[in-house]
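Participant: Pasting in a structure now, in structure tokens, and then I'll have a few things to ask.
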Amino acid sequence: MTGAEGRRYESVAQPVSVGRMTLYPEAESVARARRWFRKLLEPYDLSCSLDDCVLMISELVTNAILYGEAEEAWRVRVEWWRVGASLRVDVHNPGFPASVRMRQPAADEAHGRGLCLVNELASSWSAEPSPLGGTMVSFSMDSAWKV
């Protein structure tokens, strides 16, 4: 379809939910998210590295637990989507998107490399306000689904 300015608009694939889970903000939730992701997505025989995705989920859920802030009891939500041939993972937590930033930690620092790993492994990533309130940090793996 061509718009009034002569630009071509490509059809955008609608996200299809593959799964979701809600986690308590505690250390065990990171391992639980990894297990559920593997259990849910191994049968799909994805083209992308499942291990890379598990590592990125671990980093984002850990960050959500460490840096999420709320005055009342809160949870971390993880959602998995198929968007055309891409896999998208969204991690929601209370807190402000402005505080999500990629750091450049010193070699002797024990923390601060999570988003650097996501930046290197994912096709793309973003941090924005969550439609659930708080922050949503997402990553996508292009051509993850075999067509």
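We label chains A, B, ... in the order they appear in the structure tokens, count residues from 1 in each chain, and number ligands from 1 in the order shown.
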Would you list, as an mmCIF file with N, CA and C atoms, in the first residue's frame, the residues of chain A that end up in strand (DSSP E or B) under DSSP run on this structure's backbone?

Facilitator:
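Everything below was put into selection_29.cif:
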data_model
loop_
_atom_site.group_PDB
_atom_site.id
_atom_site.type_symbol
_atom_site.label_atom_id
_atom_site.label_comp_id
_atom_site.auth_asym_id
_atom_site.auth_seq_id
_atom_site.Cartn_x
_atom_site.Cartn_y
_atom_site.Cartn_z
ATOM 1 N N THR A 2 0.545 2.202 -0.789
ATOM 2 C CA THR A 2 1.335 3.417 -0.875
ATOM 3 C C THR A 2 0.596 4.548 -0.187
ATOM 4 N N ARG A 8 6.050 3.400 0.967
ATOM 5 C CA ARG A 8 5.420 2.084 0.944
ATOM 6 C C ARG A 8 5.297 1.595 2.382
ATOM 7 N N VAL A 16 1.943 -12.805 18.418
ATOM 8 C CA VAL A 16 1.145 -13.942 18.863
ATOM 9 C C VAL A 16 1.773 -14.439 20.158
ATOM 10 N N SER A 17 0.972 -14.497 21.209
ATOM 11 C CA SER A 17 1.486 -14.919 22.510
ATOM 12 C C SER A 17 1.899 -16.393 22.467
ATOM 13 N N VAL A 18 3.107 -16.654 22.944
ATOM 14 C CA VAL A 18 3.597 -18.021 23.061
ATOM 15 C C VAL A 18 3.490 -18.470 24.515
ATOM 16 N N GLY A 19 3.597 -17.531 25.449
ATOM 17 C CA GLY A 19 3.482 -17.853 26.863
ATOM 18 C C GLY A 19 3.786 -16.648 27.720
ATOM 19 N N ARG A 20 3.452 -16.784 28.989
ATOM 20 C CA ARG A 20 3.739 -15.718 29.947
ATOM 21 C C ARG A 20 3.784 -16.331 31.331
ATOM 22 N N MET A 21 4.460 -15.643 32.220
ATOM 23 C CA MET A 21 4.500 -16.078 33.612
ATOM 24 C C MET A 21 4.676 -14.865 34.503
ATOM 25 N N THR A 22 4.204 -15.000 35.725
ATOM 26 C CA THR A 22 4.345 -13.953 36.725
ATOM 27 C C THR A 22 5.200 -14.511 37.852
ATOM 28 N N LEU A 23 6.182 -13.737 38.274
ATOM 29 C CA LEU A 23 7.173 -14.186 39.240
ATOM 30 C C LEU A 23 7.232 -13.259 40.444
ATOM 31 N N VAL A 76 7.110 -9.602 38.863
ATOM 32 C CA VAL A 76 7.782 -9.469 37.576
ATOM 33 C C VAL A 76 6.992 -10.325 36.594
ATOM 34 N N ARG A 77 6.714 -9.791 35.434
ATOM 35 C CA ARG A 77 5.987 -10.550 34.412
ATOM 36 C C ARG A 77 6.903 -10.743 33.209
ATOM 37 N N VAL A 78 6.939 -11.979 32.706
ATOM 38 C CA VAL A 78 7.724 -12.308 31.518
ATOM 39 C C VAL A 78 6.752 -12.816 30.461
ATOM 40 N N GLU A 79 6.880 -12.292 29.243
ATOM 41 C CA GLU A 79 6.008 -12.706 28.140
ATOM 42 C C GLU A 79 6.869 -13.074 26.940
ATOM 43 N N TRP A 80 6.451 -14.132 26.237
ATOM 44 C CA TRP A 80 7.139 -14.583 25.039
ATOM 45 C C TRP A 80 6.186 -14.449 23.863
ATOM 46 N N TRP A 81 6.673 -13.894 22.756
ATOM 47 C CA TRP A 81 5.844 -13.606 21.596
ATOM 48 C C TRP A 81 6.501 -14.107 20.312
ATOM 49 N N ARG A 82 5.664 -14.527 19.391
ATOM 50 C CA ARG A 82 6.106 -14.739 18.014
ATOM 51 C C ARG A 82 5.602 -13.532 17.229
ATOM 52 N N VAL A 83 6.534 -12.843 16.570
ATOM 53 C CA VAL A 83 6.189 -11.678 15.754
ATOM 54 C C VAL A 83 6.748 -11.965 14.363
ATOM 55 N N SER A 86 10.203 -13.595 14.085
ATOM 56 C CA SER A 86 11.011 -13.200 15.235
ATOM 57 C C SER A 86 10.420 -13.678 16.556
ATOM 58 N N LEU A 87 11.289 -13.875 17.518
ATOM 59 C CA LEU A 87 10.909 -14.159 18.897
ATOM 60 C C LEU A 87 11.137 -12.877 19.671
ATOM 61 N N ARG A 88 10.133 -12.443 20.444
ATOM 62 C CA ARG A 88 10.291 -11.274 21.316
ATOM 63 C C ARG A 88 10.013 -11.701 22.756
ATOM 64 N N VAL A 89 10.845 -11.253 23.659
ATOM 65 C CA VAL A 89 10.679 -11.514 25.085
ATOM 66 C C VAL A 89 10.545 -10.169 25.784
ATOM 67 N N ASP A 90 9.461 -10.015 26.572
ATOM 68 C CA ASP A 90 9.211 -8.796 27.339
ATOM 69 C C ASP A 90 9.301 -9.119 28.822
ATOM 70 N N VAL A 91 10.020 -8.297 29.571
ATOM 71 C CA VAL A 91 10.098 -8.436 31.028
ATOM 72 C C VAL A 91 9.577 -7.135 31.625
ATOM 73 N N HIS A 92 8.495 -7.246 32.415
ATOM 74 C CA HIS A 92 7.834 -6.089 33.020
ATOM 75 C C HIS A 92 8.131 -6.043 34.513
ATOM 76 N N ASN A 93 8.383 -4.844 35.031
ATOM 77 C CA ASN A 93 8.546 -4.660 36.467
ATOM 78 C C ASN A 93 8.179 -3.234 36.836
ATOM 79 N N SER A 124 17.800 -7.052 18.588
ATOM 80 C CA SER A 124 17.488 -5.709 19.066
ATOM 81 C C SER A 124 16.965 -5.817 20.492
ATOM 82 N N TRP A 125 16.982 -4.683 21.189
ATOM 83 C CA TRP A 125 16.395 -4.627 22.529
ATOM 84 C C TRP A 125 15.895 -3.210 22.773
ATOM 85 N N SER A 126 14.994 -3.082 23.748
ATOM 86 C CA SER A 126 14.452 -1.765 24.072
ATOM 87 C C SER A 126 14.012 -1.727 25.525
ATOM 88 N N ALA A 127 13.888 -0.517 26.039
ATOM 89 C CA ALA A 127 13.329 -0.266 27.369
ATOM 90 C C ALA A 127 12.320 0.850 27.202
ATOM 91 N N GLU A 128 11.123 0.649 27.716
ATOM 92 C CA GLU A 128 10.049 1.626 27.552
ATOM 93 C C GLU A 128 9.025 1.449 28.657
ATOM 94 N N PRO A 129 8.095 2.391 28.761
ATOM 95 C CA PRO A 129 7.030 2.211 29.752
ATOM 96 C C PRO A 129 6.230 0.942 29.435
ATOM 97 N N THR A 135 8.035 -0.547 33.964
ATOM 98 C CA THR A 135 9.007 -0.635 32.880
ATOM 99 C C THR A 135 8.892 -1.969 32.157
ATOM 100 N N MET A 136 9.111 -1.937 30.849
ATOM 101 C CA MET A 136 9.204 -3.161 30.056
ATOM 102 C C MET A 136 10.537 -3.119 29.324
ATOM 103 N N VAL A 137 11.359 -4.133 29.550
ATOM 104 C CA VAL A 137 12.600 -4.292 28.799
ATOM 105 C C VAL A 137 12.408 -5.526 27.934
ATOM 106 N N SER A 138 12.683 -5.381 26.642
ATOM 107 C CA SER A 138 12.418 -6.449 25.676
ATOM 108 C C SER A 138 13.660 -6.730 24.844
ATOM 109 N N PHE A 139 13.725 -7.957 24.345
ATOM 110 C CA PHE A 139 14.705 -8.264 23.310
ATOM 111 C C PHE A 139 14.025 -9.090 22.235
ATOM 112 N N SER A 140 14.577 -8.999 21.033
ATOM 113 C CA SER A 140 14.058 -9.759 19.889
ATOM 114 C C SER A 140 15.185 -10.540 19.253
ATOM 115 N N MET A 141 14.822 -11.708 18.752
ATOM 116 C CA MET A 141 15.730 -12.538 17.961
ATOM 117 C C MET A 141 15.090 -12.692 16.584
#

Participant: Compile the contact shell of Thr62 in chain A as a list in words: residues with an atom at most 10 Å away, counting only C-alpha atoms, same-chain residues fewer than 2 positions apart removed.

Facilitator: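 What passes the distance filter is Pro25, Glu26, Ala27, Glu28, Ser29, Val30, Ala31, Met56, Ile57, Ser58, Glu59, Leu60, Ala64, Ile65, Leu66, Tyr67, Gly68, Val76 and Gly114 of chain A.
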
Participant: Keeping only N, CA, C and O atoms, write the selected residues to a file as a tab-separated table (two decimals), in the first residue's frame.

Facilitator:
chain	number	residue	atom	x	y	z
A	25	PRO	N	9.47	-11.23	43.16
A	25	PRO	CA	10.79	-10.61	43.07
A	25	PRO	C	11.78	-11.26	44.04
A	25	PRO	O	12.17	-10.67	45.05
A	26	GLU	N	12.17	-12.48	43.74
A	26	GLU	CA	13.12	-13.23	44.57
A	26	GLU	C	14.07	-14.00	43.66
A	26	GLU	O	13.76	-14.26	42.50
A	27	ALA	N	15.23	-14.36	44.19
A	27	ALA	CA	16.29	-14.98	43.40
A	27	ALA	C	15.83	-16.24	42.67
A	27	ALA	O	16.19	-16.46	41.51
A	28	GLU	N	15.03	-17.09	43.29
A	28	GLU	CA	14.58	-18.34	42.66
A	28	GLU	C	13.79	-18.08	41.38
A	28	GLU	O	13.72	-18.93	40.49
A	29	SER	N	13.21	-16.92	41.25
A	29	SER	CA	12.42	-16.60	40.06
A	29	SER	C	13.26	-16.58	38.79
A	29	SER	O	12.75	-16.87	37.71
A	30	VAL	N	14.54	-16.27	38.89
A	30	VAL	CA	15.40	-16.25	37.72
A	30	VAL	C	15.52	-17.67	37.16
A	30	VAL	O	15.33	-17.90	35.96
A	31	ALA	N	15.80	-18.64	38.02
A	31	ALA	CA	15.89	-20.04	37.58
A	31	ALA	C	14.54	-20.54	37.06
A	31	ALA	O	14.47	-21.27	36.07
A	56	MET	N	19.87	-14.20	28.25
A	56	MET	CA	19.28	-12.86	28.24
A	56	MET	C	18.08	-12.76	29.17
A	56	MET	O	17.91	-11.76	29.87
A	57	ILE	N	17.26	-13.80	29.22
A	57	ILE	CA	16.12	-13.82	30.16
A	57	ILE	C	16.64	-13.74	31.59
A	57	ILE	O	16.11	-13.00	32.41
A	58	SER	N	17.69	-14.49	31.89
A	58	SER	CA	18.29	-14.45	33.23
A	58	SER	C	18.72	-13.03	33.59
A	58	SER	O	18.45	-12.56	34.70
A	59	GLU	N	19.37	-12.37	32.66
A	59	GLU	CA	19.85	-11.01	32.92
A	59	GLU	C	18.69	-10.04	33.13
A	59	GLU	O	18.71	-9.24	34.06
A	60	LEU	N	17.67	-10.11	32.27
A	60	LEU	CA	16.56	-9.15	32.38
A	60	LEU	C	15.70	-9.41	33.61
A	60	LEU	O	15.26	-8.46	34.27
A	64	ALA	N	15.18	-6.89	36.70
A	64	ALA	CA	13.83	-6.52	37.14
A	64	ALA	C	13.69	-6.72	38.65
A	64	ALA	O	13.10	-5.88	39.34
A	65	ILE	N	14.24	-7.80	39.16
A	65	ILE	CA	14.15	-8.08	40.60
A	65	ILE	C	15.01	-7.10	41.40
A	65	ILE	O	14.58	-6.57	42.42
A	66	LEU	N	16.21	-6.84	40.92
A	66	LEU	CA	17.12	-5.95	41.65
A	66	LEU	C	16.69	-4.49	41.62
A	66	LEU	O	16.87	-3.78	42.60
A	67	TYR	N	16.15	-4.05	40.49
A	67	TYR	CA	15.92	-2.62	40.32
A	67	TYR	C	14.45	-2.21	40.26
A	67	TYR	O	14.16	-1.02	40.22
A	68	GLY	N	13.53	-3.18	40.27
A	68	GLY	CA	12.11	-2.82	40.31
A	68	GLY	C	11.78	-2.15	41.64
A	68	GLY	O	12.34	-2.50	42.67
A	76	VAL	N	7.11	-9.60	38.86
A	76	VAL	CA	7.78	-9.47	37.58
A	76	VAL	C	6.99	-10.32	36.59
A	76	VAL	O	6.62	-11.45	36.91
A	114	GLY	N	24.79	-6.98	32.30
A	114	GLY	CA	23.59	-7.63	31.78
A	114	GLY	C	23.10	-7.06	30.47
A	114	GLY	O	22.90	-7.80	29.50

Participant: When DSSP is applied to the backbone of this structure, which of chain A are assigned alpha helix (DSSP H)? Write them out as a PDB file with C-alpha atoms, in the first residue's frame.

Facilitator:
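To be explicit, this is the file written out as result_18.pdb:
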ATOM      1  CA  GLU A  28      14.579 -18.336  42.656  1.00  0.00           C
ATOM      2  CA  SER A  29      12.422 -16.597  40.061  1.00  0.00           C
ATOM      3  CA  VAL A  30      15.403 -16.255  37.717  1.00  0.00           C
ATOM      4  CA  ALA A  31      15.887 -20.041  37.576  1.00  0.00           C
ATOM      5  CA  ARG A  32      12.122 -20.532  37.271  1.00  0.00           C
ATOM      6  CA  ALA A  33      11.975 -18.200  34.236  1.00  0.00           C
ATOM      7  CA  ARG A  34      14.852 -20.093  32.578  1.00  0.00           C
ATOM      8  CA  ARG A  35      13.187 -23.476  33.159  1.00  0.00           C
ATOM      9  CA  TRP A  36       9.794 -22.336  31.849  1.00  0.00           C
ATOM     10  CA  PHE A  37      11.308 -20.728  28.780  1.00  0.00           C
ATOM     11  CA  ARG A  38      13.188 -23.929  27.885  1.00  0.00           C
ATOM     12  CA  LYS A  39      10.175 -26.144  28.584  1.00  0.00           C
ATOM     13  CA  LEU A  40       7.867 -23.948  26.555  1.00  0.00           C
ATOM     14  CA  LEU A  41      10.106 -23.260  23.547  1.00  0.00           C
ATOM     15  CA  LEU A  50      18.072 -21.219  23.058  1.00  0.00           C
ATOM     16  CA  ASP A  51      21.071 -20.843  25.379  1.00  0.00           C
ATOM     17  CA  ASP A  52      21.548 -17.207  24.330  1.00  0.00           C
ATOM     18  CA  CYS A  53      17.856 -16.517  24.968  1.00  0.00           C
ATOM     19  CA  VAL A  54      18.028 -18.180  28.385  1.00  0.00           C
ATOM     20  CA  LEU A  55      21.060 -16.062  29.290  1.00  0.00           C
ATOM     21  CA  MET A  56      19.284 -12.861  28.243  1.00  0.00           C
ATOM     22  CA  ILE A  57      16.124 -13.819  30.160  1.00  0.00           C
ATOM     23  CA  SER A  58      18.290 -14.450  33.232  1.00  0.00           C
ATOM     24  CA  GLU A  59      19.847 -11.010  32.917  1.00  0.00           C
ATOM     25  CA  LEU A  60      16.560  -9.153  32.383  1.00  0.00           C
ATOM     26  CA  VAL A  61      14.678 -10.968  35.162  1.00  0.00           C
ATOM     27  CA  THR A  62      17.624 -10.401  37.524  1.00  0.00           C
ATOM     28  CA  ASN A  63      17.602  -6.684  36.667  1.00  0.00           C
ATOM     29  CA  ALA A  64      13.829  -6.524  37.145  1.00  0.00           C
ATOM     30  CA  ILE A  65      14.153  -8.084  40.595  1.00  0.00           C
ATOM     31  CA  LEU A  66      17.123  -5.954  41.647  1.00  0.00           C
ATOM     32  CA  TYR A  67      15.917  -2.616  40.318  1.00  0.00           C
ATOM     33  CA  GLY A 114      23.589  -7.629  31.784  1.00  0.00           C
ATOM     34  CA  LEU A 115      22.423  -5.167  29.153  1.00  0.00           C
ATOM     35  CA  CYS A 116      25.843  -5.348  27.458  1.00  0.00           C
ATOM     36  CA  LEU A 117      25.235  -9.083  26.972  1.00  0.00           C
ATOM     37  CA  VAL A 118      21.702  -8.461  25.708  1.00  0.00           C
ATOM     38  CA  ASN A 119      23.034  -5.804  23.340  1.00  0.00           C
ATOM     39  CA  GLU A 120      25.576  -8.261  21.903  1.00  0.00           C
ATOM     40  CA  LEU A 121      23.335 -11.336  21.651  1.00  0.00           C
TER      41      LEU A 121
END

Participant: Nearest to Trp145 in chain A among A:Gly95, A:Gly84, A:Pro15, A:Pro131, with distances taken over only C-alpha atoms: which residue is it?

Facilitator: A:Gly84

Participant: Could you tell me how far CA of Ala85 in chain A sits from CA of Ala13 in chain A, in Å to one decimal place?

Facilitator: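 If I compute the distance from CA of Ala13 in chain A to CA of Ala85 in chain A, I get 8.9 Å.
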